[in-house]
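**Q** Provided herewith: protein20.cif, mmCIF, C-alpha atoms.
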data_upload
#
loop_
_atom_site.label_atom_id
_atom_site.label_comp_id
_atom_site.auth_asym_id
_atom_site.auth_seq_id
_atom_site.Cartn_x
_atom_site.Cartn_y
_atom_site.Cartn_z
CA MET A 1315 -3.88 -6.48 -3.97
CA ARG A 1316 -1.32 -6.54 -1.16
CA VAL A 1317 -0.55 -2.98 -0.02
CA LEU A 1318 2.23 -2.12 2.41
CA VAL A 1319 2.13 1.25 4.19
CA LEU A 1320 5.53 1.79 5.77
CA GLY A 1321 6.27 4.55 8.27
CA ILE A 1322 9.97 5.25 8.74
CA GLY A 1323 11.65 7.29 11.45
CA ASN A 1324 13.00 7.54 14.96
CA ILE A 1325 10.27 8.76 17.32
CA LEU A 1326 12.92 9.71 19.90
CA LEU A 1327 14.12 12.58 17.68
CA GLN A 1328 11.18 14.99 17.41
CA ASP A 1329 10.11 15.44 13.74
CA GLU A 1330 12.46 12.70 12.54
CA GLY A 1331 9.77 10.21 13.57
CA VAL A 1332 6.98 11.85 11.57
CA GLY A 1333 6.61 8.89 9.19
CA VAL A 1334 5.87 6.55 12.08
CA HIS A 1335 3.40 9.03 13.58
CA VAL A 1336 1.53 9.33 10.27
CA VAL A 1337 1.09 5.59 9.74
CA ASN A 1338 0.09 5.15 13.38
CA ARG A 1339 -2.67 7.73 12.77
CA LEU A 1340 -3.85 5.67 9.82
CA ALA A 1341 -3.96 2.49 11.90
CA ALA A 1342 -5.77 4.24 14.78
CA ARG A 1343 -8.29 6.17 12.66
CA CYS A 1344 -9.21 3.83 9.82
CA ALA A 1345 -10.54 0.38 9.19
CA LEU A 1346 -8.48 -1.00 6.34
CA PRO A 1347 -9.44 -3.83 4.01
CA GLU A 1348 -7.77 -7.21 4.06
CA GLY A 1349 -4.45 -7.12 2.27
CA VAL A 1350 -3.40 -3.72 3.62
CA GLU A 1351 -0.57 -3.88 6.12
CA VAL A 1352 0.54 -0.84 8.13
CA ILE A 1353 4.06 -1.11 9.55
CA ASP A 1354 6.03 1.05 11.96
CA GLY A 1355 9.36 0.46 10.24
CA GLY A 1356 11.30 2.64 12.66
CA THR A 1357 14.86 2.68 11.36
CA ALA A 1358 14.88 -1.00 10.36
CA GLY A 1359 16.15 -0.72 6.75
CA MET A 1360 17.08 -4.13 5.35
CA ASP A 1361 15.16 -5.90 8.11
CA LEU A 1362 12.02 -4.98 6.16
CA LEU A 1363 13.03 -6.95 3.04
CA ASP A 1364 10.64 -9.85 3.64
CA ARG A 1365 7.76 -7.44 4.28
CA VAL A 1366 8.34 -5.42 1.08
CA CYS A 1367 8.89 -8.44 -1.18
CA GLY A 1368 5.63 -9.58 -2.67
CA ALA A 1369 3.77 -6.31 -2.06
CA ASP A 1370 1.79 -5.08 -5.05
CA ALA A 1371 1.85 -1.52 -3.76
CA LEU A 1372 4.19 0.28 -1.35
CA ILE A 1373 3.71 3.63 0.33
CA ILE A 1374 6.64 4.97 2.36
CA VAL A 1375 6.11 7.87 4.76
CA ASP A 1376 9.33 9.51 5.98
CA CYS A 1377 10.93 12.81 6.88
CA ALA A 1378 13.35 14.12 4.27
CA ARG A 1379 15.52 17.10 3.49
CA LEU A 1380 13.54 18.63 0.64
CA ASP A 1381 15.28 22.01 0.67
CA ALA A 1382 11.88 23.42 1.49
CA VAL A 1383 10.17 25.21 4.35
CA PRO A 1384 9.86 22.99 7.45
CA GLY A 1385 6.54 21.21 7.39
CA THR A 1386 6.44 20.89 3.59
CA VAL A 1387 4.80 17.64 2.45
CA ARG A 1388 5.66 16.17 -0.97
CA GLU A 1389 4.34 13.08 -2.66
CA ILE A 1390 6.50 11.24 -5.16
CA VAL A 1391 4.91 8.42 -7.14
CA GLY A 1392 6.23 5.57 -9.27
CA GLU A 1393 9.76 5.40 -10.64
CA GLY A 1394 10.69 8.59 -8.79
CA VAL A 1395 10.66 6.80 -5.43
CA PRO A 1396 13.89 4.75 -5.81
CA VAL A 1397 15.53 7.71 -7.56
CA PHE A 1398 14.65 9.96 -4.61
CA PHE A 1399 16.50 7.71 -2.17
CA GLN A 1400 19.56 7.52 -4.41
CA SER A 1401 20.01 11.27 -3.93
CA ARG A 1402 20.43 10.73 -0.17
CA VAL A 1403 18.12 13.38 1.23
CA SER A 1404 16.46 11.30 3.93
CA PRO A 1405 18.14 10.38 7.22
CA HIS A 1406 17.25 6.79 6.26
CA GLN A 1407 18.28 7.00 2.61
CA ILE A 1408 21.07 4.46 2.82
CA GLY A 1409 18.89 1.81 4.44
CA LEU A 1410 15.91 2.49 2.19
CA SER A 1411 18.01 2.77 -0.95
CA ASP A 1412 19.65 -0.57 -0.13
CA LEU A 1413 16.28 -2.09 0.71
CA LEU A 1414 14.71 -1.01 -2.59
CA GLY A 1415 17.83 -2.13 -4.47
CA ALA A 1416 17.59 -5.59 -2.90
CA VAL A 1417 13.87 -5.81 -3.69
CA LEU A 1418 14.65 -4.89 -7.32
CA LEU A 1419 17.43 -7.50 -7.56
CA LEU A 1420 15.05 -10.14 -6.26
CA GLY A 1421 12.51 -9.15 -8.92
CA GLU A 1422 9.98 -8.26 -6.23
CA MET A 1423 9.59 -4.49 -6.79
CA PRO A 1424 5.98 -3.43 -6.15
CA SER A 1425 4.19 -2.32 -9.32
CA ARG A 1426 2.89 0.77 -7.49
CA MET A 1427 5.04 2.94 -5.24
CA ALA A 1428 4.62 6.26 -3.50
CA LEU A 1429 6.69 8.27 -1.06
CA ILE A 1430 5.18 10.88 1.21
CA ALA A 1431 8.11 13.01 2.36
CA ILE A 1432 7.94 15.65 5.10
CA GLU A 1433 10.54 18.38 5.70
CA PRO A 1434 11.37 18.31 9.46
CA GLU A 1435 11.72 21.41 11.58
CA ALA A 1436 13.79 19.82 14.36
CA MET A 1437 15.48 16.47 14.91
CA GLU A 1438 16.73 16.98 18.43
CA LEU A 1439 16.27 14.45 21.21
CA GLY A 1440 12.63 14.55 22.31
CA LEU A 1441 9.50 12.44 22.19
CA GLU A 1442 7.19 15.24 21.00
CA MET A 1443 7.10 16.52 17.45
CA THR A 1444 7.24 20.28 16.96
CA ALA A 1445 4.00 22.15 16.22
CA THR A 1446 5.18 22.35 12.60
CA GLY A 1447 5.76 18.59 12.58
CA GLN A 1448 2.29 17.93 14.05
CA GLU A 1449 0.62 20.07 11.38
CA ALA A 1450 2.69 18.43 8.64
CA ALA A 1451 1.79 14.97 9.97
CA GLU A 1452 -1.89 15.81 9.62
CA ARG A 1453 -1.40 17.03 6.03
CA ALA A 1454 0.71 13.93 5.25
CA TYR A 1455 -2.08 11.75 6.67
CA ALA A 1456 -4.53 13.40 4.23
CA VAL A 1457 -2.11 12.76 1.34
CA LEU A 1458 -1.78 9.14 2.47
CA THR A 1459 -5.53 8.50 2.57
CA ARG A 1460 -5.93 10.16 -0.86
CA ARG A 1461 -3.17 7.93 -2.29
CA LEU A 1462 -4.86 4.83 -0.90
CA ALA A 1463 -8.19 5.93 -2.40
CA ALA A 1464 -6.51 6.60 -5.78
CA TRP A 1465 -5.28 3.01 -5.71
CA GLY A 1466 -8.76 1.71 -4.87
CA VAL A 1467 -8.12 1.07 -1.18
CA ALA A 1468 -11.00 2.14 1.04
CA ALA A 1469 -9.70 3.48 4.37
CA ARG A 1470 -12.99 3.85 6.25
CA PRO A 1471 -12.91 6.11 9.32
CA LEU A 1472 -13.45 4.23 12.54
CA PRO A 1473 -16.39 5.37 14.67
CA GLN A 1474 -15.44 7.68 17.52
CA ALA A 1475 -15.12 5.89 20.85
CA ALA A 1476 -17.91 6.74 23.30
CA ALA A 1477 -16.85 9.25 25.96
#
Render the structure in this file as structure tokens.
**A**
Amino acid sequence: MRVLVLGIGNILLQDEGVGVHVVNRLAARCALPEGVEVIDGGTAGMDLLDRVCGADALIIVDCARLDAVPGTVREIVGEGVPVFFQSRVSPHQIGLSDLLGAVLLLGEMPSRMALIAIEPEAMELGLEMTATGQEAAERAYAVLTRRLAAWGVAARPLPQAAA
């Protein structure tokens, strides 16, 4: 099974980059089996078409306006993922909605999809996430590893580096 884990966001805008931070944690903390690709998608949108096409499973991690308390983490699975982006609640909704639409038109929609969405606290210019964003990123990371496990993907923790 080819699994694509896609982190979306602009790391120059505090919590707006939370999706990228979460997938980077996965790549740094876990050994992933062959066939699992972790991508910092930044704000690429349609540039990711070739990467998404042919994936059997797709997990997107992104900040989103959920009309919830900052730091809220929500997981949406299956058919709800493309629908979510059609409602335009993510700063990247247009690019991701177009991307998923193109993948669908090409007949390449992954059979499994999940979105891990995080309500941002601040999206001002700055390289550091807020404390709320940091805590949410850790919770989103836990949701991500549980989703991978539910799909039969073993994300084994890497041994701690010697001090």
**Q** For a quick check of understanding, using only C-alpha atoms, which of A:Val1397, A:Leu1363, A:Leu1410, A:Ile1432 has the smallest distance to A:Arg1453?
**A**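 Answer, going by the shortest atom-to-atom distance: A:Ile1432.
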**Q** Between stretch 1421-1441 of chain A and stretch 1323-1335 of chain A, at 8 Å or less, what are the per-residue closest atom pairs and their distances in Å? Count only C-alpha atoms, order by chain and rising residue number, and return it as JSON lines.
**A**
{"residue": "A:Ile1432", "atom": "CA", "partner": "A:Val1332", "partner_atom": "CA", "distance": 7.6}
{"residue": "A:Pro1434", "atom": "CA", "partner": "A:Asp1329", "partner_atom": "CA", "distance": 5.3}
{"residue": "A:Glu1435", "atom": "CA", "partner": "A:Asp1329", "partner_atom": "CA", "distance": 6.5}
{"residue": "A:Ala1436", "atom": "CA", "partner": "A:Asp1329", "partner_atom": "CA", "distance": 5.8}
{"residue": "A:Met1437", "atom": "CA", "partner": "A:Leu1327", "partner_atom": "CA", "distance": 5.0}
{"residue": "A:Glu1438", "atom": "CA", "partner": "A:Leu1327", "partner_atom": "CA", "distance": 5.2}
{"residue": "A:Leu1439", "atom": "CA", "partner": "A:Leu1327", "partner_atom": "CA", "distance": 4.5}
{"residue": "A:Gly1440", "atom": "CA", "partner": "A:Gln1328", "partner_atom": "CA", "distance": 5.1}
{"residue": "A:Leu1441", "atom": "CA", "partner": "A:Leu1326", "partner_atom": "CA", "distance": 4.9}
**Q** Of the candidates A:Thr1357, A:Ser1401, A:Thr1386, A:Ser1425, which shows the shortest atom-to-atom distance to A:Ala1369, using only C-alpha atoms?
**A** A:Ser1425
**Q** Given the PyMOL selection byres ((chain A and resi 1336) around 8) and the file above, list the residues it selects as a list in words.
**A**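 When the PyMOL selection byres ((chain A and resi 1336) around 8) is applied, the selected residues are Gly1321, Val1332, Gly1333, Val1334, His1335, Val1337, Asn1338, Arg1339, Leu1340, Val1375, Ala1451, Glu1452, Ala1454 and Tyr1455 of chain A.
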**Q** Ranking A:Leu1414, A:Cys1344, A:Val1395, A:Val1383 by minimum distance to A:Leu1362 and counting all atoms listed in the file, which one comes first?
**A** A:Leu1414
**Q** Need the shell around stretch 1465-1470 of chain A: protein/DNA/RNA residues with any atom at most 8 Å away, counting all atoms listed in the file. Skip same-chain ones fewer than 2 positions apart. Format as a tab-separated table (two decimals) with C-alpha atoms, keeping the file's coordinate frame?
**A**
chain	number	residue	atom	x	y	z
A	1344	CYS	CA	-9.21	3.83	9.82
A	1345	ALA	CA	-10.54	0.38	9.19
A	1346	LEU	CA	-8.48	-1.00	6.34
A	1347	PRO	CA	-9.44	-3.83	4.01
A	1459	THR	CA	-5.53	8.50	2.57
A	1461	ARG	CA	-3.17	7.93	-2.29
A	1462	LEU	CA	-4.86	4.83	-0.90
A	1463	ALA	CA	-8.19	5.93	-2.40
A	1472	LEU	CA	-13.45	4.23	12.54
**Q** With a distance cut-off of 9 Å and all atoms listed in the file, select the neighbouring residues of A:Val1319, excluding the residue or stretch itself and same-chain residues fewer than 5 positions from it, and output the selection as a PyMOL selection string.
**A** chain A and resi 1337+1350-1354+1371-1375+1458
**Q** Keeping C-alpha atoms for every residue in the selection just given, could you write it to a file as a compact mmCIF listing (two decimals), keeping the file's coordinate frame?
**A**
# COMPACT_ATOMS: atom_id res chain seq x y z
CA VAL A 1337 1.09 5.59 9.74
CA VAL A 1350 -3.40 -3.72 3.62
CA GLU A 1351 -0.57 -3.88 6.12
CA VAL A 1352 0.54 -0.84 8.13
CA ILE A 1353 4.06 -1.11 9.55
CA ASP A 1354 6.03 1.05 11.96
CA ALA A 1371 1.85 -1.52 -3.76
CA LEU A 1372 4.19 0.28 -1.35
CA ILE A 1373 3.71 3.63 0.33
CA ILE A 1374 6.64 4.97 2.36
CA VAL A 1375 6.11 7.87 4.76
CA LEU A 1458 -1.78 9.14 2.47
**Q** For the PyMOL selection byres ((chain A and resi 1418-1423) around 9), applied here, can you spell out every residue it catches as a list of chain:residue names?
**A**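 In the shown coordinates, the PyMOL selection byres ((chain A and resi 1418-1423) around 9) covers A:Val1366, A:Cys1367, A:Gly1368, A:Ala1369, A:Asp1370, A:Ala1371, A:Leu1413, A:Leu1414, A:Gly1415, A:Ala1416, A:Val1417, A:Pro1424, A:Ser1425, A:Arg1426, A:Met1427.
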**Q** What is the atom CA of A:Leu1380 to atom CA of A:Leu1429 distance in Å?
**A** 12.5 Å
**Q** How many Å lie between atom CA of A:Gly1359 and atom CA of A:Ile1390, rounded to one decimal?
**A**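 Between atom CA of A:Gly1359 and atom CA of A:Ile1390 the gap is 19.4 Å.
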**Q** Would you compute the distance between atom CA of A:Ser1411 and atom CA of A:Arg1388? Give it in Å to one decimal.
**A**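 Spanning atom CA of A:Ser1411 to atom CA of A:Arg1388 is a straight-line distance of 18.2 Å.
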**Q** Once you add 6 Å to each side, what are the centre and edge lengths of the axis-aligned box holding all listed atoms of stretch 1439-1448 of chain A? One decimal in Å, as JSON, if you can.
**A**
{"center_x": 9.3, "center_y": 17.4, "center_z": 17.4, "size_x": 26.0, "size_y": 21.9, "size_z": 21.7}
**Q** Go through A:Gln1400, A:Pro1384, A:Val1457, A:Arg1316 and flag the residue nearest A:Thr1444, using all atoms listed in the file for the distances.
**A**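 Nearest candidate to A:Thr1444 out of A:Gln1400, A:Pro1384, A:Val1457, A:Arg1316: A:Pro1384.
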**Q** Would you please work out which residue, of A:Glu1348, A:Val1317, A:Ala1378, A:Gly1385, is nearest to A:Ala1445 when using only C-alpha atoms?
**A**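 Result for the nearest residue to A:Ala1445: A:Gly1385.
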**Q** Measuring atom to atom with all atoms listed in the file, identify which of A:Gly1355, A:Arg1460, A:Thr1446, A:Glu1393 is nearest to A:Leu1318.
**A** A:Gly1355
